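For reference, structure.cif is printed below; it contains mmCIF, C-alpha atoms and all ligand atoms.
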data_coords
loop_
_atom_site.label_atom_id
_atom_site.label_comp_id
_atom_site.auth_asym_id
_atom_site.auth_seq_id
_atom_site.Cartn_x
_atom_site.Cartn_y
_atom_site.Cartn_z
CA MET A 784 -14.70 -7.59 16.04
CA ASP A 785 -15.66 -10.72 14.07
CA LYS A 786 -17.74 -10.41 10.90
CA LYS A 787 -20.20 -12.76 9.20
CA ILE A 788 -20.36 -12.69 5.39
CA SER A 789 -22.89 -14.46 3.24
CA LYS A 790 -23.75 -14.67 -0.43
CA PRO A 791 -25.81 -11.62 -1.50
CA ASN A 792 -29.23 -12.10 -3.17
CA SER A 793 -28.23 -9.91 -6.10
CA GLY A 794 -25.13 -8.29 -7.60
CA LEU A 795 -23.29 -5.13 -6.51
CA LYS A 796 -24.91 -1.99 -7.93
CA GLY A 797 -24.27 1.74 -7.75
CA GLN A 798 -21.52 4.29 -7.59
CA ILE A 799 -18.99 5.02 -4.82
CA THR A 800 -15.97 7.29 -4.37
CA ILE A 801 -12.84 5.34 -3.48
CA PRO A 802 -11.16 6.46 -0.21
CA SER A 803 -7.81 8.21 -0.21
CA ASP A 804 -4.55 6.55 -1.28
CA LYS A 805 -2.54 5.33 1.71
CA SER A 806 0.90 5.46 0.04
CA ILE A 807 0.38 9.02 -1.20
CA SER A 808 -1.09 10.14 2.15
CA HIS A 809 2.08 9.02 4.00
CA ARG A 810 4.26 10.93 1.58
CA ALA A 811 2.08 14.06 1.60
CA VAL A 812 2.33 14.46 5.36
CA MET A 813 6.02 13.52 5.66
CA PHE A 814 7.16 15.73 2.79
CA SER A 815 5.06 18.68 4.06
CA CYS A 816 7.11 18.51 7.28
CA LEU A 817 10.22 19.21 5.22
CA ALA A 818 8.77 22.35 3.59
CA ASN A 819 8.95 25.79 5.21
CA GLY A 820 5.35 27.10 5.39
CA THR A 821 1.84 25.68 5.30
CA SER A 822 0.93 22.78 3.03
CA VAL A 823 -2.70 21.84 2.43
CA ILE A 824 -3.49 18.15 2.04
CA LYS A 825 -6.86 17.40 0.46
CA ASN A 826 -8.45 13.99 0.98
CA PHE A 827 -5.93 12.68 3.54
CA SER A 828 -6.53 8.99 4.34
CA LYS A 829 -8.50 8.01 7.47
CA GLY A 830 -6.55 4.74 7.70
CA GLN A 831 -4.56 4.03 10.85
CA ASP A 832 -1.26 3.71 8.94
CA PRO A 833 -1.19 7.26 7.51
CA LEU A 834 -2.40 8.52 10.91
CA SER A 835 0.74 6.91 12.43
CA SER A 836 2.83 8.99 10.02
CA LEU A 837 0.88 12.12 10.98
CA GLU A 838 1.36 11.50 14.73
CA ILE A 839 5.13 11.10 14.22
CA CYS A 840 5.31 14.33 12.22
CA LYS A 841 3.58 16.13 15.11
CA LYS A 842 6.19 14.73 17.52
CA LEU A 843 8.86 16.17 15.23
CA GLY A 844 7.49 19.68 15.70
CA VAL A 845 5.00 20.37 12.91
CA ILE A 846 1.55 21.81 13.54
CA ALA A 847 -1.30 19.77 12.06
CA GLU A 848 -4.85 21.13 11.86
CA PHE A 849 -7.83 19.31 10.37
CA LYS A 850 -10.37 21.75 8.93
CA ASP A 851 -12.07 20.27 5.84
CA ASP A 852 -8.53 19.55 4.67
CA LEU A 853 -5.36 18.81 6.63
CA TYR A 854 -3.11 21.86 7.12
CA ILE A 855 0.54 21.11 7.95
CA THR A 856 2.66 24.04 9.12
CA SER A 857 6.40 23.53 9.45
CA THR A 858 9.63 25.52 9.49
CA GLY A 859 11.05 22.82 7.23
CA LYS A 860 13.39 21.83 10.08
CA LEU A 861 12.42 18.99 12.43
CA ILE A 862 12.91 19.16 16.18
CA PRO A 863 14.15 16.29 18.43
CA PRO A 864 11.25 14.13 19.65
CA THR A 865 10.80 13.70 23.40
CA THR A 866 9.39 10.16 23.10
CA ASP A 867 9.82 7.11 20.88
CA LEU A 868 8.13 7.41 17.49
CA CYS A 869 5.52 4.67 17.09
CA CYS A 870 4.90 3.50 13.52
CA GLY A 871 2.10 1.10 14.57
CA ASN A 872 1.54 -1.48 11.81
CA SER A 873 3.01 0.68 9.06
CA GLY A 874 6.12 -0.43 7.15
CA THR A 875 5.92 2.67 4.95
CA THR A 876 6.07 4.93 8.02
CA MET A 877 9.08 3.14 9.49
CA ARG A 878 11.13 2.81 6.30
CA LEU A 879 10.48 6.31 4.94
CA MET A 880 10.88 8.03 8.34
CA ALA A 881 14.18 6.17 8.86
CA GLY A 882 15.47 7.82 5.68
CA ILE A 883 14.38 11.27 6.87
CA LEU A 884 15.66 10.82 10.43
CA ALA A 885 19.07 9.38 9.48
CA GLY A 886 20.30 12.80 8.33
CA GLN A 887 18.94 14.97 11.19
CA ASN A 888 21.11 16.55 13.89
CA PHE A 889 19.34 14.59 16.64
CA ASN A 890 18.66 10.99 17.68
CA SER A 891 15.34 9.17 17.52
CA ILE A 892 13.79 5.73 18.03
CA LEU A 893 11.24 4.17 15.67
CA THR A 894 9.06 1.42 17.15
CA GLY A 895 6.32 -0.76 15.69
CA ASP A 896 3.55 -3.18 16.67
CA GLU A 897 4.11 -6.95 16.89
CA SER A 898 3.78 -7.51 13.13
CA LEU A 899 5.99 -4.56 12.13
CA SER A 900 8.63 -5.62 14.68
CA LYS A 901 9.02 -8.90 12.79
CA ARG A 902 9.52 -7.32 9.36
CA PRO A 903 12.94 -6.99 7.68
CA MET A 904 14.68 -3.63 8.06
CA LYS A 905 18.11 -4.67 6.75
CA ARG A 906 16.92 -3.62 3.30
CA ILE A 907 17.04 0.04 4.46
CA ILE A 908 19.73 -0.23 7.15
CA THR A 909 22.31 -1.41 4.57
CA PRO A 910 21.97 1.47 2.07
CA LEU A 911 21.42 4.13 4.76
CA SER A 912 24.58 2.91 6.55
CA LEU A 913 26.48 3.22 3.25
CA MET A 914 25.39 6.88 3.29
CA GLY A 915 26.93 7.28 6.76
CA ALA A 916 23.81 6.66 8.86
CA LYS A 917 24.16 5.10 12.30
CA ILE A 918 21.24 2.79 13.09
CA ASN A 919 21.03 0.21 15.89
CA SER A 920 18.38 -2.45 15.49
CA ASN A 921 17.21 -5.69 17.02
CA ASN A 922 18.90 -8.11 14.58
CA ASP A 923 17.87 -5.94 11.62
CA LYS A 924 14.33 -5.55 12.96
CA ALA A 925 12.54 -2.76 14.86
CA PRO A 926 12.98 -0.92 17.14
CA LEU A 927 15.41 1.23 15.17
CA GLU A 928 17.62 3.61 17.15
CA ILE A 929 18.71 6.29 14.73
CA TYR A 930 21.71 8.47 15.61
CA GLY A 931 21.50 11.48 13.25
CA GLN A 932 24.64 11.98 11.13
CA ASN A 933 26.01 13.99 8.23
CA LEU A 934 25.18 11.85 5.21
CA HIS A 935 26.90 11.53 1.85
CA GLY A 936 25.28 10.49 -1.42
CA ILE A 937 25.65 6.98 -2.83
CA ASN A 938 25.00 5.16 -6.06
CA TYR A 939 22.93 2.16 -4.93
CA SER A 940 21.65 -0.81 -6.91
CA SER A 941 18.74 -2.17 -4.91
CA PRO A 942 18.43 -5.97 -4.96
CA ILE A 943 14.62 -5.64 -4.68
CA ALA A 944 11.98 -3.58 -6.46
CA SER A 945 10.65 -1.84 -3.34
CA ALA A 946 9.25 1.69 -3.24
CA GLN A 947 9.83 1.78 0.50
CA VAL A 948 13.54 1.07 0.06
CA LYS A 949 13.87 3.47 -2.88
CA SER A 950 12.02 6.22 -0.99
CA SER A 951 14.01 5.76 2.21
CA ILE A 952 17.28 6.29 0.30
CA LEU A 953 15.95 9.24 -1.74
CA LEU A 954 14.67 10.96 1.41
CA ALA A 955 18.05 10.51 3.10
CA GLY A 956 19.51 11.91 -0.14
CA LEU A 957 17.65 15.20 0.48
CA PHE A 958 20.02 15.71 3.45
CA ALA A 959 23.22 14.28 1.90
CA ASP A 960 26.33 16.15 0.75
CA ASN A 961 26.31 15.03 -2.85
CA LYS A 962 24.11 13.24 -5.38
CA THR A 963 22.30 10.03 -4.40
CA THR A 964 21.19 7.56 -7.09
CA VAL A 965 19.01 4.47 -6.59
CA THR A 966 18.56 1.87 -9.30
CA GLU A 967 15.94 -0.86 -8.92
CA PRO A 968 15.57 -4.16 -10.80
CA TYR A 969 11.97 -3.37 -11.84
CA LEU A 970 10.04 -0.15 -11.46
CA SER A 971 8.18 0.09 -8.13
CA ARG A 972 5.55 2.73 -7.32
CA ASN A 973 6.91 6.22 -8.03
CA HIS A 974 4.81 8.45 -5.75
CA THR A 975 7.93 9.70 -3.96
CA GLU A 976 9.53 10.82 -7.21
CA LEU A 977 6.35 12.54 -8.43
CA MET A 978 5.67 14.33 -5.14
CA LEU A 979 9.28 15.40 -4.55
CA SER A 980 9.31 16.85 -8.04
CA TYR A 981 5.93 18.57 -7.42
CA MET A 982 7.39 20.12 -4.26
CA GLY A 983 10.46 21.49 -6.03
CA ALA A 984 13.18 18.94 -5.14
CA ASP A 985 16.13 18.46 -7.46
CA ILE A 986 15.20 14.96 -8.65
CA THR A 987 15.72 13.23 -12.00
CA VAL A 988 14.46 9.89 -13.23
CA ASN A 989 16.15 7.84 -15.95
CA ASN A 990 14.35 4.53 -16.51
CA LEU A 991 15.06 2.44 -13.38
CA SER A 992 17.47 4.98 -11.83
CA THR A 993 16.43 7.99 -9.76
CA SER A 994 18.81 10.68 -8.50
CA VAL A 995 18.31 13.38 -5.92
CA THR A 996 20.53 16.10 -4.46
CA ARG A 997 20.14 18.14 -1.26
CA SER A 998 16.95 20.15 -1.71
CA GLU A 999 14.52 22.32 0.20
CA LEU A 1000 10.88 21.54 -0.46
CA ILE A 1001 8.19 24.13 -1.23
CA PRO A 1002 4.86 23.87 0.64
CA LYS A 1003 2.02 22.97 -1.72
CA THR A 1004 -1.62 22.01 -1.95
CA ILE A 1005 -1.61 18.25 -2.45
CA GLU A 1006 -4.79 16.53 -3.57
CA ILE A 1007 -4.75 12.80 -2.93
CA PRO A 1008 -6.58 10.45 -5.31
CA GLY A 1009 -8.47 7.32 -4.27
CA ASP A 1010 -6.41 4.20 -3.59
CA ILE A 1011 -6.39 1.63 -6.40
CA SER A 1012 -5.35 -0.95 -3.78
CA SER A 1013 -8.65 -0.20 -1.96
CA ALA A 1014 -10.60 -0.11 -5.23
CA ALA A 1015 -9.27 -3.64 -5.89
CA TYR A 1016 -11.76 -5.23 -3.43
CA PHE A 1017 -14.78 -3.59 -5.10
CA ILE A 1018 -13.44 -4.42 -8.57
CA ALA A 1019 -12.93 -8.06 -7.53
CA ALA A 1020 -16.38 -8.37 -5.99
CA ALA A 1021 -18.13 -6.84 -9.02
CA LEU A 1022 -16.25 -9.17 -11.37
CA ILE A 1023 -17.14 -12.39 -9.52
CA VAL A 1024 -20.62 -11.74 -8.04
CA PRO A 1025 -23.20 -12.34 -10.83
CA ASN A 1026 -25.28 -9.37 -12.03
CA SER A 1027 -22.90 -6.72 -10.71
CA GLU A 1028 -22.26 -3.37 -12.33
CA ILE A 1029 -20.59 -0.55 -10.38
CA ILE A 1030 -18.85 2.77 -10.92
CA LEU A 1031 -15.81 3.64 -8.82
CA LYS A 1032 -15.03 7.37 -8.76
CA ASN A 1033 -11.60 8.95 -8.28
CA VAL A 1034 -9.34 5.89 -8.56
CA GLY A 1035 -5.58 6.60 -8.65
CA LEU A 1036 -4.31 5.32 -12.02
CA ASN A 1037 -0.58 5.91 -11.69
CA PRO A 1038 0.85 3.31 -14.13
CA THR A 1039 3.23 1.98 -11.45
CA ARG A 1040 0.10 0.86 -9.52
CA THR A 1041 -2.22 -0.45 -12.25
CA GLY A 1042 -0.81 -3.96 -12.75
CA LEU A 1043 -4.12 -5.37 -11.46
CA LEU A 1044 -6.08 -3.69 -14.27
CA ASP A 1045 -3.63 -5.02 -16.87
CA VAL A 1046 -3.91 -8.58 -15.55
CA LEU A 1047 -7.70 -8.44 -15.29
CA LYS A 1048 -7.95 -7.16 -18.86
CA LYS A 1049 -5.86 -10.17 -19.95
CA MET A 1050 -8.25 -12.42 -17.99
CA GLY A 1051 -11.22 -10.94 -19.90
CA ALA A 1052 -12.59 -8.49 -17.33
CA ASN A 1053 -15.17 -5.92 -18.39
CA ILE A 1054 -13.58 -2.76 -16.92
CA GLU A 1055 -13.88 0.63 -18.59
CA ILE A 1056 -11.89 3.72 -17.67
CA LEU A 1057 -14.36 6.61 -17.96
CA ASP A 1058 -12.50 9.81 -17.31
CA LYS A 1059 -8.81 10.49 -16.72
CA GLN A 1060 -7.19 13.57 -15.22
CA THR A 1061 -3.96 14.55 -13.48
CA ILE A 1062 -4.09 16.02 -9.97
CA SER A 1063 -0.97 16.98 -8.01
CA ASN A 1064 1.17 15.07 -10.53
CA GLU A 1065 -0.88 11.83 -10.15
CA LEU A 1066 -3.22 10.30 -12.76
CA THR A 1067 -6.80 9.49 -11.64
CA GLY A 1068 -10.00 8.32 -13.27
CA ASP A 1069 -13.37 6.63 -12.83
CA LEU A 1070 -13.92 2.93 -13.51
CA ARG A 1071 -17.03 1.02 -14.62
CA VAL A 1072 -16.79 -2.66 -13.65
CA LYS A 1073 -19.23 -5.42 -14.69
CA TYR A 1074 -19.53 -9.10 -13.78
CA SER A 1075 -17.31 -11.00 -16.25
CA ASP A 1076 -16.37 -14.49 -17.42
CA LEU A 1077 -12.66 -14.68 -16.61
CA THR A 1078 -9.84 -16.97 -17.77
CA GLY A 1079 -6.68 -17.74 -15.76
CA CYS A 1080 -3.23 -16.48 -16.73
CA THR A 1081 0.41 -16.31 -15.55
CA ILE A 1082 1.52 -13.26 -13.55
CA GLU A 1083 5.29 -12.81 -13.18
CA GLY A 1084 8.30 -10.53 -13.60
CA ASP A 1085 8.12 -6.76 -13.81
CA ILE A 1086 4.35 -6.60 -13.29
CA ILE A 1087 4.71 -7.93 -9.71
CA PRO A 1088 5.68 -4.61 -8.03
CA ARG A 1089 2.80 -2.96 -9.93
CA LEU A 1090 0.23 -5.19 -8.17
CA ILE A 1091 2.09 -6.45 -5.09
CA ASP A 1092 -0.65 -5.45 -2.61
CA GLU A 1093 -3.42 -6.84 -4.82
CA ILE A 1094 -2.13 -10.43 -4.99
CA PRO A 1095 -4.29 -11.76 -2.11
CA VAL A 1096 -7.49 -10.49 -3.76
CA LEU A 1097 -6.23 -11.64 -7.16
CA ALA A 1098 -5.97 -15.15 -5.66
CA VAL A 1099 -9.63 -14.84 -4.62
CA ILE A 1100 -10.60 -13.77 -8.16
CA ALA A 1101 -8.59 -16.70 -9.59
CA THR A 1102 -10.76 -19.19 -7.67
CA GLN A 1103 -13.68 -17.91 -9.81
CA THR A 1104 -11.74 -17.96 -13.10
CA GLN A 1105 -11.74 -20.75 -15.71
CA GLY A 1106 -8.40 -22.61 -15.85
CA GLN A 1107 -5.13 -22.09 -14.04
CA THR A 1108 -3.66 -18.88 -12.66
CA VAL A 1109 0.03 -18.95 -11.76
CA ILE A 1110 1.63 -16.18 -9.69
CA LYS A 1111 5.48 -16.18 -9.68
CA ASP A 1112 8.35 -13.89 -8.55
CA ALA A 1113 6.32 -12.65 -5.58
CA GLN A 1114 8.49 -13.97 -2.70
CA ASP A 1115 8.51 -10.55 -1.01
CA LEU A 1116 4.81 -11.15 -0.25
CA ARG A 1117 6.08 -13.30 2.61
CA ASN A 1118 7.54 -10.13 4.23
CA LYS A 1119 4.36 -8.07 4.33
CA GLU A 1120 2.06 -7.52 7.34
CA SER A 1121 1.78 -11.33 7.31
CA ASP A 1122 3.27 -14.06 5.09
CA ARG A 1123 0.58 -13.32 2.54
CA ILE A 1124 1.36 -16.36 0.37
CA LYS A 1125 0.89 -18.82 3.22
CA ALA A 1126 -2.02 -16.92 4.77
CA VAL A 1127 -4.17 -16.56 1.68
CA VAL A 1128 -3.52 -20.16 0.55
CA THR A 1129 -4.38 -21.55 4.01
CA GLU A 1130 -7.61 -19.57 4.34
CA LEU A 1131 -8.85 -20.06 0.75
CA LYS A 1132 -8.21 -23.80 1.11
CA LYS A 1133 -10.51 -23.79 4.16
CA LEU A 1134 -13.23 -22.31 1.91
CA GLY A 1135 -12.77 -25.11 -0.65
CA ALA A 1136 -10.39 -23.50 -3.19
CA ASP A 1137 -7.99 -25.57 -5.32
CA ILE A 1138 -4.88 -23.57 -4.42
CA GLU A 1139 -1.19 -24.33 -3.63
CA GLU A 1140 1.70 -22.22 -2.42
CA THR A 1141 5.10 -22.23 -4.15
CA PRO A 1142 8.25 -20.62 -2.72
CA ASP A 1143 7.65 -17.43 -4.73
CA GLY A 1144 3.94 -17.49 -5.45
CA ILE A 1145 0.61 -19.27 -5.74
CA ILE A 1146 -1.07 -21.67 -8.19
CA ILE A 1147 -4.86 -21.56 -8.34
CA ASN A 1148 -7.11 -23.84 -10.38
CA GLY A 1149 -10.59 -22.55 -11.14
CA LYS A 1150 -13.41 -22.29 -11.27
CA THR A 1151 -14.40 -23.69 -7.88
CA ASN A 1152 -17.68 -23.46 -6.02
CA LEU A 1153 -16.42 -22.21 -2.66
CA GLN A 1154 -18.29 -23.91 0.16
CA GLY A 1155 -17.57 -21.67 3.18
CA GLY A 1156 -19.38 -22.49 6.43
CA VAL A 1157 -16.12 -22.02 8.39
CA GLU A 1158 -14.21 -19.52 10.53
CA ILE A 1159 -11.43 -17.57 8.81
CA GLU A 1160 -8.30 -15.95 10.30
CA THR A 1161 -6.98 -12.52 9.27
CA TYR A 1162 -3.38 -12.83 10.57
CA HIS A 1163 -3.56 -9.21 11.84
CA ASP A 1164 -3.43 -8.23 8.17
CA HIS A 1165 -5.87 -5.72 6.67
CA ARG A 1166 -5.46 -7.02 3.11
CA LEU A 1167 -6.23 -10.58 4.20
CA ALA A 1168 -9.40 -9.40 5.97
CA MET A 1169 -10.63 -7.49 2.91
CA SER A 1170 -9.72 -10.22 0.40
CA LEU A 1171 -11.48 -12.91 2.43
CA TYR A 1172 -14.58 -10.71 2.75
CA VAL A 1173 -14.75 -10.75 -1.08
CA ALA A 1174 -14.35 -14.56 -1.06
CA GLY A 1175 -17.23 -14.74 1.43
CA LEU A 1176 -19.55 -13.12 -1.13
CA VAL A 1177 -19.26 -16.18 -3.41
CA CYS A 1178 -19.31 -18.93 -0.75
CA LYS A 1179 -22.31 -21.26 -0.60
CA LYS A 1180 -22.50 -21.03 3.21
CA GLU A 1181 -21.86 -18.08 5.53
CA ILE A 1182 -18.28 -17.51 6.75
CA LEU A 1183 -17.07 -15.80 9.92
CA ILE A 1184 -13.99 -13.59 9.60
CA LYS A 1185 -12.13 -13.18 12.90
CA ASP A 1186 -10.72 -9.77 13.92
CA PHE A 1187 -12.21 -8.04 10.94
CA ASP A 1188 -11.38 -4.58 12.35
CA TRP A 1189 -7.85 -4.88 10.94
CA VAL A 1190 -9.45 -3.30 7.82
CA ASN A 1191 -9.12 0.03 9.67
CA ILE A 1192 -5.38 -0.01 8.94
CA SER A 1193 -6.08 1.14 5.39
CA MET A 1194 -9.84 1.61 4.83
CA PRO A 1195 -12.21 2.25 7.78
CA GLU A 1196 -14.90 2.99 5.14
CA PHE A 1197 -14.78 -0.61 3.77
CA ASP A 1198 -17.90 -2.04 5.43
CA GLU A 1199 -20.08 1.00 4.78
CA LEU A 1200 -19.12 1.14 1.09
CA PHE A 1201 -19.76 -2.57 0.57
CA SER A 1202 -23.12 -2.37 2.36
CA TYR A 1203 -24.10 0.48 0.05
CA LEU A 1204 -23.22 -1.47 -3.11
CA LEU A 1205 -24.93 -4.62 -1.85
CA THR A 1206 -28.34 -3.05 -1.06
C1 LIG A 1301 4.43 0.90 -0.31
C2 LIG A 1301 5.22 0.06 -1.03
C3 LIG A 1301 5.02 -1.40 -1.11
C4 LIG A 1301 3.62 -1.80 -0.66
C5 LIG A 1301 3.22 -1.10 0.61
C6 LIG A 1301 3.25 0.41 0.43
C7 LIG A 1301 4.75 2.33 -0.28
O1 LIG A 1301 5.96 -2.03 -0.26
O2 LIG A 1301 3.55 -3.19 -0.47
O3 LIG A 1301 1.89 -1.48 0.96
O4 LIG A 1301 3.90 3.14 0.13
O5 LIG A 1301 5.87 2.68 -0.67
P1 LIG A 1301 7.43 -2.39 -0.79
O6 LIG A 1301 8.01 -1.15 -1.30
O7 LIG A 1301 8.20 -2.89 0.38
O8 LIG A 1301 7.22 -3.44 -1.83
#
Would you encode the structure as structure tokens?
Ligand code: S3P
Amino acid sequence: MDKKISKPNSGLKGQITIPSDKSISHRAVMFSCLANGTSVIKNFSKGQDPLSSLEICKKLGVIAEFKDDLYITSTGKLIPPTTDLCCGNSGTTMRLMAGILAGQNFNSILTGDESLSKRPMKRIITPLSLMGAKINSNNDKAPLEIYGQNLHGINYSSPIASAQVKSSILLAGLFADNKTTVTEPYLSRNHTELMLSYMGADITVNNLSTSVTRSELIPKTIEIPGDISSAAYFIAAALIVPNSEIILKNVGLNPTRTGLLDVLKKMGANIEILDKQTISNELTGDLRVKYSDLTGCTIEGDIIPRLIDEIPVLAVIATQTQGQTVIKDAQDLRNKESDRIKAVVTELKKLGADIEETPDGIIINGKTNLQGGVEIETYHDHRLAMSLYVAGLVCKKEILIKDFDWVNISMPEFDELFSYLLT
């Protein structure tokens, strides 16, 4: 489905509840499979990626029932699948499931769609192999044939700050003979650590190092907050469309995910946190966001993993910001669902932005009056589609976004929520 976007007559107004966090949804369903009993997952994501994780868990023998909430019943022991396990577009599904499956007493095959089959898997194959895993791949890419083995713990220094890599190793560590420790160069999102601890695993965190030993998980009720990575599109739109003022309810505010809020504050954004609480070990709150005069800044170093998924929409914001914004140390963006550096620079240039790619980031000069009046590609990437929608709201002429339905990967509610705020 293609989508036309044009400049609204007035700003965004009103209050919405942000849809469920994708990262936490994956973990909730996977970890519930490893617990003996029934876990209740409240506010499970409707995105296609977490649904890929759920379908795989069903193929591994758990019973899943949607009432108002999602009920997962498991013996805590997985059974051999009778078919390949399809991860669709989801890197989180493939990398975390590989960690779980490496230590089972059966074999399995993880497959992915065209985009996922091009993404690097060496980053998990190397440490899992050091633990004794046997994984055949297509030149370090999917499909992954996993031959279940007895695993032993390792002490691994990860060359990249990646929650998917860290989680894959920690999950394998739940099945390993002795302690497994992962150390990362900067702190990446810590949902795995928080949820494993909530479900009774023997896990300890010491700055950038996390250790786990063989553990059985306890079934729990897990309430999932809204996804700050989804909230990012509404925050961005309210900041750059004149006369906007919105309230976003139930936004996950885990500090390993709130780099965007820190950067926007530095740029001069008018964002207020209204109410904070902790649910199922995760911090959440409501945000009030108003149209703001923003100034560019440099974004680099340890903040990058805390806003990695928000960089495409941050580039859109930077086109509407006075002065220069420089994004550095973000080379791993080239390994996401698309090469997000190249993709966002190419498409924003088409709209009239003053933007250049660098090997590890983006330089944007603002403020530009985006012209629009062109067709835009989404590169089969949900975050590109959503970021470019926001850009379309400040273009002089209408734009047409091709294959807009990629938004369903993380937020099928996107269009409906924007329409509500724009009327
Ligand atoms: C995720 C971690 C991040 C992020 C992805 C989801 C997760 O990837 O980009 O969208 O749920 O662990 P990396 O860990 O590879 O940076």
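Nearest to ligand LIG 1301 (chain A) of all the residues A:Ile1094, A:Ala946, A:Leu884, A:Ile846 is A:Ala946, counting all atoms listed in the file.
You can rank A:Ala1174, A:Leu953, A:Leu1047, A:Leu879 by their closest distance to ligand LIG 1301 (chain A) using all atoms listed in the file, and at the top of that list sits A:Leu879.
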Using all atoms listed in the file, find each residue in chain A having at least one atom no more than 8 Å away from ligand LIG 1301 (chain A); report its shortest atom-to-atom pair and that distance in Å (one decimal), rows by chain then rising number, as CSV.
residue,atom,partner,partner_atom,distance
A:Lys805,CA,A:LIG1301,O4,7.0
A:Ser806,CA,A:LIG1301,O4,3.8
A:Ile807,CA,A:LIG1301,O4,7.0
A:His809,CA,A:LIG1301,O4,7.3
A:Arg810,CA,A:LIG1301,O4,7.9
A:Gly874,CA,A:LIG1301,C5,7.2
A:Thr875,CA,A:LIG1301,O4,5.2
A:Ala944,CA,A:LIG1301,O8,6.6
A:Ser945,CA,A:LIG1301,O6,3.4
A:Ala946,CA,A:LIG1301,O6,3.7
A:Gln947,CA,A:LIG1301,O6,3.9
A:Val948,CA,A:LIG1301,O6,6.1
A:Lys949,CA,A:LIG1301,O6,7.6
A:Ser950,CA,A:LIG1301,O5,7.1
A:Ser971,CA,A:LIG1301,O6,6.9
A:Arg972,CA,A:LIG1301,O5,6.7
A:His974,CA,A:LIG1301,O5,7.8
A:Pro1088,CA,A:LIG1301,O8,6.5
A:Ile1091,CA,A:LIG1301,O2,5.8
A:Asp1092,CA,A:LIG1301,O2,5.2
A:Asp1115,CA,A:LIG1301,O8,7.3
A:Lys1119,CA,A:LIG1301,O2,6.9
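The shell of residues at most 6 Å from stretch 1178-1188 of chain A, with only C-alpha atoms counted and near chain neighbours (fewer than 4 positions) removed, consists of A:Met784, A:Asp785, A:Lys786, A:Lys787, A:Ile788, A:Ser789, A:Leu1153, A:Gln1154, A:Gly1155, A:Gly1156, A:Val1157, A:Glu1158, A:Ile1159, A:Glu1160, A:Ala1168.
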At most 12 Å is the cut-off: for each residue in stretch 833-920 of chain A with any atom that close to an atom of stretch 964-970 of chain A, write down the nearest atom pair and the distance in Å rounded to one decimal, counting all atoms listed in the file, chain first then increasing number, as a tab-separated table.
residue	atom	partner	partner_atom	distance
A:Pro910	CA	A:Val965	CA	9.6
A:Leu911	CA	A:Val965	CA	11.6
A:Met914	CA	A:Thr964	CA	11.2
Quick one: residues within 10 Å of stretch 861-872 of chain A, all atoms listed in the file, excluding same-chain residues fewer than 6 positions away - as an mmCIF file with C-alpha atoms, in the coordinates of the input?
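As a result, out_10.cif now contains:
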data_model
loop_
_atom_site.group_PDB
_atom_site.id
_atom_site.type_symbol
_atom_site.label_atom_id
_atom_site.label_comp_id
_atom_site.auth_asym_id
_atom_site.auth_seq_id
_atom_site.Cartn_x
_atom_site.Cartn_y
_atom_site.Cartn_z
ATOM 1 C CA CYS A 816 7.110 18.510 7.280
ATOM 2 C CA LEU A 817 10.220 19.210 5.220
ATOM 3 C CA GLN A 831 -4.560 4.030 10.850
ATOM 4 C CA ASP A 832 -1.260 3.710 8.940
ATOM 5 C CA PRO A 833 -1.190 7.260 7.510
ATOM 6 C CA LEU A 834 -2.400 8.520 10.910
ATOM 7 C CA SER A 835 0.740 6.910 12.430
ATOM 8 C CA SER A 836 2.830 8.990 10.020
ATOM 9 C CA LEU A 837 0.880 12.120 10.980
ATOM 10 C CA GLU A 838 1.360 11.500 14.730
ATOM 11 C CA ILE A 839 5.130 11.100 14.220
ATOM 12 C CA CYS A 840 5.310 14.330 12.220
ATOM 13 C CA LYS A 841 3.580 16.130 15.110
ATOM 14 C CA LYS A 842 6.190 14.730 17.520
ATOM 15 C CA LEU A 843 8.860 16.170 15.230
ATOM 16 C CA GLY A 844 7.490 19.680 15.700
ATOM 17 C CA VAL A 845 5.000 20.370 12.910
ATOM 18 C CA ARG A 878 11.130 2.810 6.300
ATOM 19 C CA MET A 880 10.880 8.030 8.340
ATOM 20 C CA ILE A 883 14.380 11.270 6.870
ATOM 21 C CA LEU A 884 15.660 10.820 10.430
ATOM 22 C CA GLN A 887 18.940 14.970 11.190
ATOM 23 C CA ASN A 888 21.110 16.550 13.890
ATOM 24 C CA PHE A 889 19.340 14.590 16.640
ATOM 25 C CA ASN A 890 18.660 10.990 17.680
ATOM 26 C CA SER A 891 15.340 9.170 17.520
ATOM 27 C CA ILE A 892 13.790 5.730 18.030
ATOM 28 C CA LEU A 893 11.240 4.170 15.670
ATOM 29 C CA THR A 894 9.060 1.420 17.150
ATOM 30 C CA GLY A 895 6.320 -0.760 15.690
ATOM 31 C CA ASP A 896 3.550 -3.180 16.670
ATOM 32 C CA GLU A 897 4.110 -6.950 16.890
ATOM 33 C CA SER A 898 3.780 -7.510 13.130
ATOM 34 C CA LEU A 899 5.990 -4.560 12.130
ATOM 35 C CA SER A 900 8.630 -5.620 14.680
ATOM 36 C CA ALA A 925 12.540 -2.760 14.860
ATOM 37 C CA PRO A 926 12.980 -0.920 17.140
ATOM 38 C CA LEU A 927 15.410 1.230 15.170
ATOM 39 C CA GLU A 928 17.620 3.610 17.150
ATOM 40 C CA GLU A 1120 2.060 -7.520 7.340
ATOM 41 C CA HIS A 1163 -3.560 -9.210 11.840
ATOM 42 C CA ASP A 1164 -3.430 -8.230 8.170
ATOM 43 C CA HIS A 1165 -5.870 -5.720 6.670
ATOM 44 C CA ILE A 1192 -5.380 -0.010 8.940
#
